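Chemist: This is the structure, below, for whatever I ask next.
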Amino acid sequence: MYMRSSPEIDQILNRKTRSNLNTLLINGNISTLLRRMKKKYIVNKTCSFDSIAFILSMAYLDHPQYKSFVDVSDNTLLQFCKHLALNGTSKISYMTRLKILGIFDEQESINNVRVIDARCNVLFIITKLLKTAPSAIEHMICSNNINCPQSTRDVPSPTIIVRLKNNMQDLNNALNLYVFPKEIENVHQINVQEQ
């Protein structure tokens, strides 16, 4: 069964919106040194970043609504993925990836080579680099204007986290509950970190 061709998958893979450019980034572990501002860099363990970059690049090409969102966004990661989708990989791509991965600490190694260890999970990359392009915005309204110095507050979130109790059948219900407005009686107990 798995050896037979699947027309649905073939249709998706052969769509004219797919890029014929190489949008895959070479992992930092096997790429060459990069020179930036008279310094030599090597970036290790870029798997999470590269995975997100590839997914967002393909989403840019495949979904017109997402393309429109990215086109007007000034988010650095989204603009990097747009460039990757339209132009493929190049030295500029790797230099931009180095700049974006400046969120990680760099350590000096032998021969004055600076090493950036980008070891992390996908969720870290998303929450760190997509703060200015949230996938959801929680709109909090305090029902008690006397005790609330700020009666409304928008809290952006780059991820949507829902709890599934049993299985995937609950996903629709969980998403509906997530977007359904909730009134919170005592806002003073909520501690929201400002970005």
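In the structure tokens, each chain is lettered A, B, ... as it comes, each chain's residues begin at 1, and ligands are numbered from 1 in order of appearance.
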In region 12-134 of chain A, what's helix (DSSP H, G or I) per DSSP? Answer as a ChimeraX atom specification?
Modeler: /A:12-13,47-62,64-72,76-87,91-103,110-112,122-129
Chemist: Mind giving me the straight-line distance from CA of Ile103 (chain A) to CA of Asp117 (chain A) in Å, one decimal?
Modeler: 10.2 Å
Chemist: For CA of Arg114 (chain A) and CA of Lys39 (chain A), quote the distance in Å rounded to one decimal.
Modeler: 7.5 Å
Chemist: Per residue of region 59-178 of chain A within 10 Å of region 46-52 of chain A, record the nearest atom pair and its distance in Å to one decimal, counting only C-alpha atoms, with rows in chain order and ascending residue number, as CSV.
Modeler:
residue,atom,partner,partner_atom,distance
A:Leu77,CA,A:Ile52,CA,9.4
A:Cys81,CA,A:Ile52,CA,8.9
A:Arg97,CA,A:Phe49,CA,8.7
A:Ile100,CA,A:Phe49,CA,9.7
A:Leu101,CA,A:Phe49,CA,8.5
A:Ile116,CA,A:Thr46,CA,9.6
A:Asp117,CA,A:Thr46,CA,8.0
A:Ala118,CA,A:Thr46,CA,5.5
A:Arg119,CA,A:Thr46,CA,6.7
A:Cys120,CA,A:Ser48,CA,6.7
A:Asn121,CA,A:Ser48,CA,5.8
A:Val122,CA,A:Ser48,CA,5.1
A:Leu123,CA,A:Ser48,CA,8.7
A:Phe124,CA,A:Ser48,CA,8.8
A:Ile125,CA,A:Phe49,CA,6.4
A:Ile126,CA,A:Ile52,CA,7.9
A:Leu129,CA,A:Phe49,CA,9.9
Chemist: Please produce a file of the residues just selected, as a compact mmCIF listing (two decimals), in the first residue's frame, where the atoms kept are N, CA, C and O atoms.
Modeler:
# COMPACT_ATOMS: atom_id res chain seq x y z
N LEU A 77 12.69 37.12 11.41
CA LEU A 77 12.64 35.73 11.00
C LEU A 77 11.72 35.55 9.80
O LEU A 77 12.07 34.83 8.85
N CYS A 81 12.74 34.16 6.09
CA CYS A 81 12.08 33.03 5.42
C CYS A 81 11.52 33.45 4.06
O CYS A 81 11.56 32.66 3.11
N ARG A 97 21.32 34.25 8.94
CA ARG A 97 21.06 33.27 10.01
C ARG A 97 22.00 33.52 11.18
O ARG A 97 21.58 33.47 12.34
N ILE A 100 20.66 36.49 13.10
CA ILE A 100 19.44 36.16 13.84
C ILE A 100 19.78 35.30 15.06
O ILE A 100 19.21 35.48 16.14
N LEU A 101 20.71 34.37 14.90
CA LEU A 101 21.06 33.47 16.01
C LEU A 101 21.96 34.15 17.03
O LEU A 101 22.48 33.50 17.94
N ILE A 116 28.86 29.80 18.25
CA ILE A 116 27.50 30.02 18.75
C ILE A 116 26.82 28.66 18.77
O ILE A 116 26.69 28.00 17.74
N ASP A 117 26.41 28.24 19.96
CA ASP A 117 25.71 26.98 20.13
C ASP A 117 24.21 27.27 20.13
O ASP A 117 23.68 27.83 21.08
N ALA A 118 23.55 26.91 19.03
CA ALA A 118 22.12 27.21 18.86
C ALA A 118 21.25 26.03 19.28
O ALA A 118 20.13 25.87 18.79
N ARG A 119 21.74 25.23 20.20
CA ARG A 119 20.99 24.05 20.65
C ARG A 119 19.76 24.51 21.44
O ARG A 119 19.87 25.21 22.44
N CYS A 120 18.60 24.11 20.95
CA CYS A 120 17.34 24.44 21.61
C CYS A 120 16.25 23.64 20.94
O CYS A 120 16.50 22.90 19.99
N ASN A 121 15.02 23.83 21.40
CA ASN A 121 13.91 23.16 20.73
C ASN A 121 13.14 24.17 19.88
O ASN A 121 13.37 25.38 19.96
N VAL A 122 12.24 23.65 19.08
CA VAL A 122 11.48 24.49 18.16
C VAL A 122 10.66 25.54 18.90
O VAL A 122 10.56 26.69 18.47
N LEU A 123 10.07 25.18 20.02
CA LEU A 123 9.25 26.11 20.78
C LEU A 123 10.06 27.33 21.23
O LEU A 123 9.56 28.46 21.19
N PHE A 124 11.32 27.13 21.62
CA PHE A 124 12.16 28.25 22.02
C PHE A 124 12.35 29.21 20.85
O PHE A 124 12.24 30.43 21.01
N ILE A 125 12.65 28.68 19.68
CA ILE A 125 12.85 29.52 18.49
C ILE A 125 11.58 30.32 18.20
O ILE A 125 11.63 31.53 17.96
N ILE A 126 10.44 29.66 18.24
CA ILE A 126 9.17 30.33 17.93
C ILE A 126 8.88 31.44 18.95
O ILE A 126 8.54 32.56 18.58
N LEU A 129 11.71 34.33 18.60
CA LEU A 129 11.86 35.09 17.36
C LEU A 129 10.55 35.55 16.72
O LEU A 129 10.58 36.35 15.80
Chemist: Identify which of the residues A:Val115, A:Leu84, A:Val155, A:Leu78 lies closest to Lys45 (chain A), counting only C-alpha atoms when measuring atom-to-atom distances.
Modeler: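 Among A:Val115, A:Leu84, A:Val155, A:Leu78, it is A:Val115 that comes nearest to Lys45 (chain A).
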Chemist: Tell me which of A:Asn75, A:Lys91, A:Pro7, A:Ser57 sits closest to Thr32 (chain A), counting only C-alpha atoms.
Modeler: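 When distances to Thr32 (chain A) are compared using only C-alpha atoms, the smallest one comes from A:Lys91.
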Chemist: If you measure from CA of Arg153 (chain A) to CA of Asp71 (chain A), what distance in Å do you get, rounded to one decimal?
Modeler: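 Distance reported for this atom pair: 26.9 Å.
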Chemist: Compile the contact shell of Pro134 (chain A) as a list in words: residues with an atom at most 12 Å away, counting only C-alpha atoms, same-chain residues fewer than 6 positions apart removed.
Modeler: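 The filter keeps Phe69, Val70, Ser73, Asn75, Leu78, Ile126, Thr127, Lys128, Asp154, Val155, Pro156, Ser157, Pro158, Thr159 and Ile160 of chain A.
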Chemist: Now that the selection is made, can you save its residues with N, CA, C and O atoms as a PDB file, in the first residue's frame?
Modeler:
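What landed in out-v7.pdb:
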ATOM      1  N   PHE A  69       0.405  38.092   4.906  1.00  0.00           N
ATOM      2  CA  PHE A  69       0.784  38.431   6.276  1.00  0.00           C
ATOM      3  C   PHE A  69       2.293  38.688   6.375  1.00  0.00           C
ATOM      4  O   PHE A  69       2.727  39.682   6.962  1.00  0.00           O
ATOM      5  N   VAL A  70       3.094  37.817   5.780  1.00  0.00           N
ATOM      6  CA  VAL A  70       4.551  37.960   5.840  1.00  0.00           C
ATOM      7  C   VAL A  70       5.004  39.187   5.073  1.00  0.00           C
ATOM      8  O   VAL A  70       5.914  39.904   5.509  1.00  0.00           O
ATOM      9  N   SER A  73       4.795  42.150   7.254  1.00  0.00           N
ATOM     10  CA  SER A  73       5.426  42.017   8.568  1.00  0.00           C
ATOM     11  C   SER A  73       6.860  42.553   8.525  1.00  0.00           C
ATOM     12  O   SER A  73       7.545  42.446   7.516  1.00  0.00           O
ATOM     13  N   ASN A  75       8.935  41.431  10.962  1.00  0.00           N
ATOM     14  CA  ASN A  75       9.617  40.446  11.790  1.00  0.00           C
ATOM     15  C   ASN A  75      10.836  39.905  11.046  1.00  0.00           C
ATOM     16  O   ASN A  75      10.737  39.487   9.889  1.00  0.00           O
ATOM     17  N   LEU A  78      10.570  36.184   9.800  1.00  0.00           N
ATOM     18  CA  LEU A  78       9.651  36.051   8.673  1.00  0.00           C
ATOM     19  C   LEU A  78      10.242  36.635   7.401  1.00  0.00           C
ATOM     20  O   LEU A  78      10.092  36.062   6.318  1.00  0.00           O
ATOM     21  N   ILE A 126      10.438  29.662  18.240  1.00  0.00           N
ATOM     22  CA  ILE A 126       9.174  30.334  17.933  1.00  0.00           C
ATOM     23  C   ILE A 126       8.876  31.439  18.946  1.00  0.00           C
ATOM     24  O   ILE A 126       8.541  32.556  18.575  1.00  0.00           O
ATOM     25  N   THR A 127       8.990  31.124  20.230  1.00  0.00           N
ATOM     26  CA  THR A 127       8.647  32.132  21.241  1.00  0.00           C
ATOM     27  C   THR A 127       9.663  33.264  21.274  1.00  0.00           C
ATOM     28  O   THR A 127       9.304  34.399  21.573  1.00  0.00           O
ATOM     29  N   LYS A 128      10.904  32.995  20.967  1.00  0.00           N
ATOM     30  CA  LYS A 128      11.936  34.030  21.017  1.00  0.00           C
ATOM     31  C   LYS A 128      11.914  34.930  19.779  1.00  0.00           C
ATOM     32  O   LYS A 128      12.065  36.142  19.884  1.00  0.00           O
ATOM     33  N   ASP A 154      -3.873  43.731  25.883  1.00  0.00           N
ATOM     34  CA  ASP A 154      -3.643  42.746  24.838  1.00  0.00           C
ATOM     35  C   ASP A 154      -2.297  42.079  25.106  1.00  0.00           C
ATOM     36  O   ASP A 154      -1.279  42.755  25.256  1.00  0.00           O
ATOM     37  N   VAL A 155      -2.311  40.752  25.145  1.00  0.00           N
ATOM     38  CA  VAL A 155      -1.096  39.983  25.411  1.00  0.00           C
ATOM     39  C   VAL A 155      -0.828  39.104  24.192  1.00  0.00           C
ATOM     40  O   VAL A 155      -1.553  38.127  23.962  1.00  0.00           O
ATOM     41  N   PRO A 156       0.204  39.447  23.391  1.00  0.00           N
ATOM     42  CA  PRO A 156       0.497  38.619  22.218  1.00  0.00           C
ATOM     43  C   PRO A 156       1.146  37.308  22.614  1.00  0.00           C
ATOM     44  O   PRO A 156       1.869  37.228  23.600  1.00  0.00           O
ATOM     45  N   SER A 157       0.876  36.270  21.840  1.00  0.00           N
ATOM     46  CA  SER A 157       1.478  34.966  22.071  1.00  0.00           C
ATOM     47  C   SER A 157       1.880  34.360  20.732  1.00  0.00           C
ATOM     48  O   SER A 157       1.042  34.237  19.837  1.00  0.00           O
ATOM     49  N   PRO A 158       3.158  33.992  20.581  1.00  0.00           N
ATOM     50  CA  PRO A 158       3.577  33.385  19.315  1.00  0.00           C
ATOM     51  C   PRO A 158       3.106  31.943  19.164  1.00  0.00           C
ATOM     52  O   PRO A 158       3.241  31.349  18.119  1.00  0.00           O
ATOM     53  N   THR A 159       2.554  31.373  20.212  1.00  0.00           N
ATOM     54  CA  THR A 159       2.075  29.989  20.135  1.00  0.00           C
ATOM     55  C   THR A 159       0.664  29.909  20.682  1.00  0.00           C
ATOM     56  O   THR A 159       0.233  30.754  21.454  1.00  0.00           O
ATOM     57  N   ILE A 160      -0.044  28.885  20.281  1.00  0.00           N
ATOM     58  CA  ILE A 160      -1.354  28.584  20.840  1.00  0.00           C
ATOM     59  C   ILE A 160      -1.205  27.261  21.582  1.00  0.00           C
ATOM     60  O   ILE A 160      -0.838  26.257  20.990  1.00  0.00           O
TER      61      ILE A 160
END
